[in-house]
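**Q** What follows is structure-v7.txt; its format and atoms are compact mmCIF, C-alpha atoms.
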```txt
# COMPACT_ATOMS: atom_id res chain seq x y z
CA MET H 100 -11.14 18.28 33.84
CA THR H 101 -11.37 21.77 32.41
CA GLU H 102 -11.37 22.51 28.73
CA LYS H 103 -9.57 25.68 27.71
CA ASN H 104 -9.16 27.64 24.48
CA ILE H 105 -6.33 29.67 23.07
CA ASP H 106 -7.45 32.70 21.09
CA ILE H 107 -5.19 34.09 18.41
CA ARG H 108 -5.94 37.55 17.08
CA PHE H 109 -4.31 39.23 14.14
CA LYS H 110 -4.98 41.92 11.57
CA GLU H 111 -5.24 41.11 7.86
CA TYR H 112 -4.45 43.74 5.26
CA SER H 113 -5.03 43.42 1.53
CA SER H 114 -2.27 45.82 0.55
CA LEU H 115 1.03 47.10 1.87
CA ASP H 116 -0.46 50.59 1.49
CA GLU H 117 -2.87 49.84 4.35
CA LEU H 118 0.00 49.39 6.83
CA GLU H 119 1.18 52.14 9.15
CA ALA H 120 4.25 53.92 7.76
CA SER H 121 6.72 52.18 10.10
CA ASP H 122 5.25 48.74 9.34
CA ARG H 123 5.31 49.51 5.59
CA GLU H 124 8.98 50.48 5.85
CA LEU H 125 9.75 47.19 7.62
CA ALA H 126 7.70 45.17 5.10
CA ASP H 127 9.52 46.85 2.21
CA ALA H 128 12.85 45.99 3.86
CA ALA H 129 11.79 42.33 4.17
CA ILE H 130 10.76 42.22 0.50
CA ASP H 131 14.06 43.86 -0.47
CA ALA H 132 15.97 41.32 1.66
CA MET H 133 14.64 38.52 -0.58
CA LYS H 134 17.35 39.60 -3.07
CA GLY H 135 20.00 38.21 -0.69
CA SER H 136 18.43 34.75 -0.60
CA TYR H 137 20.52 31.78 -1.65
CA ALA H 138 17.98 29.06 -2.44
CA PRO H 139 19.37 26.74 -5.16
CA TYR H 140 17.40 23.74 -3.83
CA SER H 141 13.96 24.99 -2.79
CA HIS H 142 13.96 28.02 -5.11
CA PHE H 143 11.88 29.73 -2.42
CA ASN H 144 13.41 33.08 -1.54
CA VAL H 145 12.69 34.49 1.90
CA GLY H 146 13.63 37.89 3.26
CA ALA H 147 13.24 39.18 6.80
CA ALA H 148 13.71 42.53 8.47
CA VAL H 149 13.92 43.24 12.20
CA ARG H 150 13.27 46.66 13.73
CA LEU H 151 15.16 47.43 16.92
CA SER H 152 14.23 49.75 19.78
CA ASN H 153 16.74 52.31 18.45
CA GLY H 154 14.93 52.39 15.07
CA GLU H 155 17.59 50.42 13.19
CA ILE H 156 16.40 47.82 10.67
CA VAL H 157 18.50 44.69 10.14
CA GLN H 158 17.82 42.43 7.16
CA GLY H 159 18.39 38.74 6.58
CA ALA H 160 17.68 36.17 3.86
CA ASN H 161 17.46 32.39 3.78
CA GLN H 162 20.71 30.60 3.02
CA GLU H 163 20.52 27.02 1.80
CA ASN H 164 23.29 24.42 1.77
CA ALA H 165 23.71 21.02 0.14
CA ALA H 166 24.05 19.62 3.68
CA PHE H 167 20.43 20.54 4.42
CA PRO H 168 20.63 21.07 8.17
CA SER H 169 23.44 23.57 7.58
CA GLY H 170 21.24 26.22 5.96
CA LEU H 171 19.46 28.95 7.87
CA CYS H 172 16.12 30.72 7.59
CA ALA H 173 15.82 34.43 6.82
CA GLU H 174 14.26 35.23 10.18
CA ARG H 175 17.15 33.73 12.12
CA THR H 176 19.81 35.35 9.91
CA ALA H 177 18.18 38.74 10.59
CA MET H 178 17.67 38.17 14.32
CA PHE H 179 21.15 36.73 14.89
CA ALA H 180 22.75 39.62 12.96
CA ALA H 181 20.69 42.13 14.96
CA GLY H 182 21.56 40.40 18.24
CA ALA H 183 25.27 40.38 17.38
CA ARG H 184 25.41 43.99 16.15
CA TYR H 185 23.08 45.52 18.74
CA PRO H 186 23.14 43.21 21.79
CA ASP H 187 21.56 45.79 24.12
CA LYS H 188 18.65 46.78 21.85
CA ALA H 189 15.24 45.11 22.01
CA MET H 190 13.72 43.72 18.84
CA THR H 191 10.34 45.41 18.52
CA SER H 192 9.07 43.89 15.27
CA ILE H 193 9.96 41.48 12.51
CA ALA H 194 8.58 41.20 8.97
CA LEU H 195 9.04 38.33 6.54
CA ALA H 196 8.29 37.87 2.87
CA GLY H 197 8.73 34.88 0.61
CA GLY H 198 8.29 33.91 -2.99
CA VAL H 199 9.89 32.64 -6.17
CA MET H 200 12.01 34.61 -8.64
CA GLY H 201 11.39 37.91 -6.86
CA ARG H 202 7.62 37.53 -6.84
CA LEU H 203 5.75 37.29 -3.55
CA ALA H 204 3.84 34.11 -2.85
CA LYS H 205 0.05 34.43 -2.73
CA SER H 206 -0.15 33.36 0.91
CA PRO H 207 1.88 35.16 3.57
CA ALA H 208 5.22 33.57 4.36
CA THR H 209 5.07 31.96 7.79
CA PRO H 210 8.03 31.18 10.06
CA CYS H 211 9.04 27.64 10.93
CA GLY H 212 8.89 26.41 14.52
CA ALA H 213 12.60 26.98 15.16
CA CYS H 214 12.32 30.61 14.02
CA ARG H 215 9.24 31.12 16.20
CA GLN H 216 11.18 29.86 19.22
CA VAL H 217 14.10 32.20 18.45
CA MET H 218 11.62 35.07 18.12
CA ALA H 219 10.20 34.11 21.51
CA GLN H 220 13.67 34.13 23.07
CA TYR H 221 14.47 37.61 21.71
CA GLN H 222 11.05 38.87 22.77
CA LEU H 223 11.75 37.59 26.30
CA LYS H 224 15.23 39.12 26.26
CA GLY H 225 13.82 42.47 25.11
CA GLY H 226 11.18 42.48 27.84
CA ARG H 227 8.45 43.67 25.49
CA PRO H 228 6.18 42.26 22.80
CA MET H 229 7.66 41.83 19.32
CA SER H 230 5.11 42.22 16.55
CA VAL H 231 5.28 39.85 13.58
CA ILE H 232 4.30 40.81 10.04
CA MET H 233 3.87 38.04 7.44
CA ILE H 234 3.69 39.23 3.85
CA GLY H 235 2.04 37.67 0.82
CA ASP H 236 0.87 39.08 -2.51
CA GLY H 237 -2.36 40.87 -1.64
CA LYS H 238 -2.54 39.51 1.91
CA ILE H 239 -0.54 40.67 4.93
CA TRP H 240 -0.97 39.37 8.48
CA LYS H 241 0.13 41.33 11.53
CA PHE H 242 0.39 39.75 14.97
CA ASP H 243 0.97 41.98 18.01
CA SER H 244 3.24 39.51 19.79
CA VAL H 245 5.22 36.32 19.21
CA ASP H 246 2.86 34.73 21.76
CA ASP H 247 0.16 34.91 19.08
CA ILE H 248 2.11 32.69 16.68
CA LEU H 249 3.67 30.44 19.31
CA PRO H 250 1.28 29.86 22.18
CA LEU H 251 2.75 28.05 25.17
CA ILE H 252 6.26 29.32 24.42
CA PHE H 253 9.10 27.19 25.77
CA ASP H 254 10.66 29.32 28.53
CA SER H 255 10.90 26.84 31.37
CA ILE H 256 14.66 27.04 31.94
```
Produce structure tokens that represent the structure in this file.
**A**
Amino acid sequence: MTEKNIDIRFKEYSSLDELEASDRELADAAIDAMKGSYAPYSHFNVGAAVRLSNGEIVQGANQENAAFPSGLCAERTAMFAAGARYPDKAMTSIALAGGVMGRLAKSPATPCGACRQVMAQYQLKGGRPMSVIMIGDGKIWKFDSVDDILPLIFDSI
């Protein structure tokens, strides 16, 4: 038997102002995307923004539904819109922000497992790492690759 470890590295920022200009632009787009959230049940508004290899930014917001499995997370709305509009462009980064009534949550918004797997699929399709930025009020986490938030990615087929 051999015991192994998985190391996860990320950068933590205390302010959006500490981010590089392109990451700040993407973070601002994710925060702005929260306005498009439809969350009458959870009241937790999430916005996401995806940057493509051509520089375009595509936004998405969570959309809830009374038939709970029928809703969709902000990350997937943004990625699916980007994939449909720009099928030949790699997704280079994604940012997400969440909170209540337009105010960011204290802790960074983190993607669910399904969104992480979709990120992994688009990262694989793009053939390059996709960075992930998770935004909270006074705390921002940046991961260099989806692999850092979903170790042992399902890609066996």
**Q** Show me, as an MDAnalysis selection string, the residues that have an atom within 12 Å of H:Leu151 when counting all atoms listed in the file, minus same-chain residues fewer than 5 positions from it.
**A** chainID H and resid 121 125 156:158 177:178 180:182 184:193 221:222 225 227:230
**Q** Using only C-alpha atoms, give me every residue within 8 Å of (8.3, 35.6, 21.1) in file coordinates, as a short mmCIF file (atom, residue, chain, number, x, y, z; two decimals) with C-alpha atoms, in the frame of the given file.
**A**
```cif
data_model
loop_
_atom_site.label_atom_id
_atom_site.label_comp_id
_atom_site.auth_asym_id
_atom_site.auth_seq_id
_atom_site.Cartn_x
_atom_site.Cartn_y
_atom_site.Cartn_z
CA ARG H 215 9.24 31.12 16.20
CA GLN H 216 11.18 29.86 19.22
CA VAL H 217 14.10 32.20 18.45
CA MET H 218 11.62 35.07 18.12
CA ALA H 219 10.20 34.11 21.51
CA GLN H 220 13.67 34.13 23.07
CA TYR H 221 14.47 37.61 21.71
CA GLN H 222 11.05 38.87 22.77
CA LEU H 223 11.75 37.59 26.30
CA PRO H 228 6.18 42.26 22.80
CA MET H 229 7.66 41.83 19.32
CA SER H 244 3.24 39.51 19.79
CA VAL H 245 5.22 36.32 19.21
CA ASP H 246 2.86 34.73 21.76
CA LEU H 249 3.67 30.44 19.31
CA ILE H 252 6.26 29.32 24.42
#
```
**Q** Between H:Asn161, H:Thr176, H:Thr101, H:Ser113, which one has atoms that come closest to H:Lys238, using only C-alpha atoms?
**A**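 Answer, going by the shortest atom-to-atom distance: H:Ser113.
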**Q** Would you please work out which residue, of H:Ala138, H:Phe253, H:Ile107, H:Ser206, is nearest to H:Gly170 when using only C-alpha atoms?
**A**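 For H:Gly170, the nearest of the candidates is H:Ala138.
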**Q** List every protein, DNA or RNA residue that has an atom no more than 12 Å from (12.3, 33.0, -5.4) in the file's coordinate frame, counting all atoms listed in the file, and report them as number ranges by chain.
**A** H: 130, 132-146, 160-161, 196-204
**Q** Can you work out the spacing between atom CA of H:Asp247 and atom CA of H:Asp122 in Å, to one decimal?
**A** 17.7 Å
**Q** Please determine an axis-aligned box that encloses all atoms of stretch 191-195 of chain H listed in the file, with 5 Å added on each side, and express its centre and edge lengths in Å to one decimal as lines of an AutoDock Vina configuration file.
**A**
```
center_x = 9.5
center_y = 41.9
center_z = 12.5
size_x = 11.8
size_y = 17.1
size_z = 22.0
```
**Q** Measure the distance from atom CA of H:Ile239 to atom CA of H:Ala194 in Å and round it to one decimal.
**A**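 That distance, rounded to one decimal, is 10.0 Å.
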**Q** When you draw a straight line from atom CA of H:Glu163 to atom CA of H:Phe242, how long is it in Å?
**A**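 Spanning atom CA of H:Glu163 to atom CA of H:Phe242 is a straight-line distance of 27.2 Å.
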**Q** So which one's closest to H:Lys241, H:Leu195, H:Ala147, H:Ala165, H:Met100? Using only C-alpha atoms, please.
**A**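 Nearest candidate to H:Lys241 out of H:Leu195, H:Ala147, H:Ala165, H:Met100: H:Leu195.
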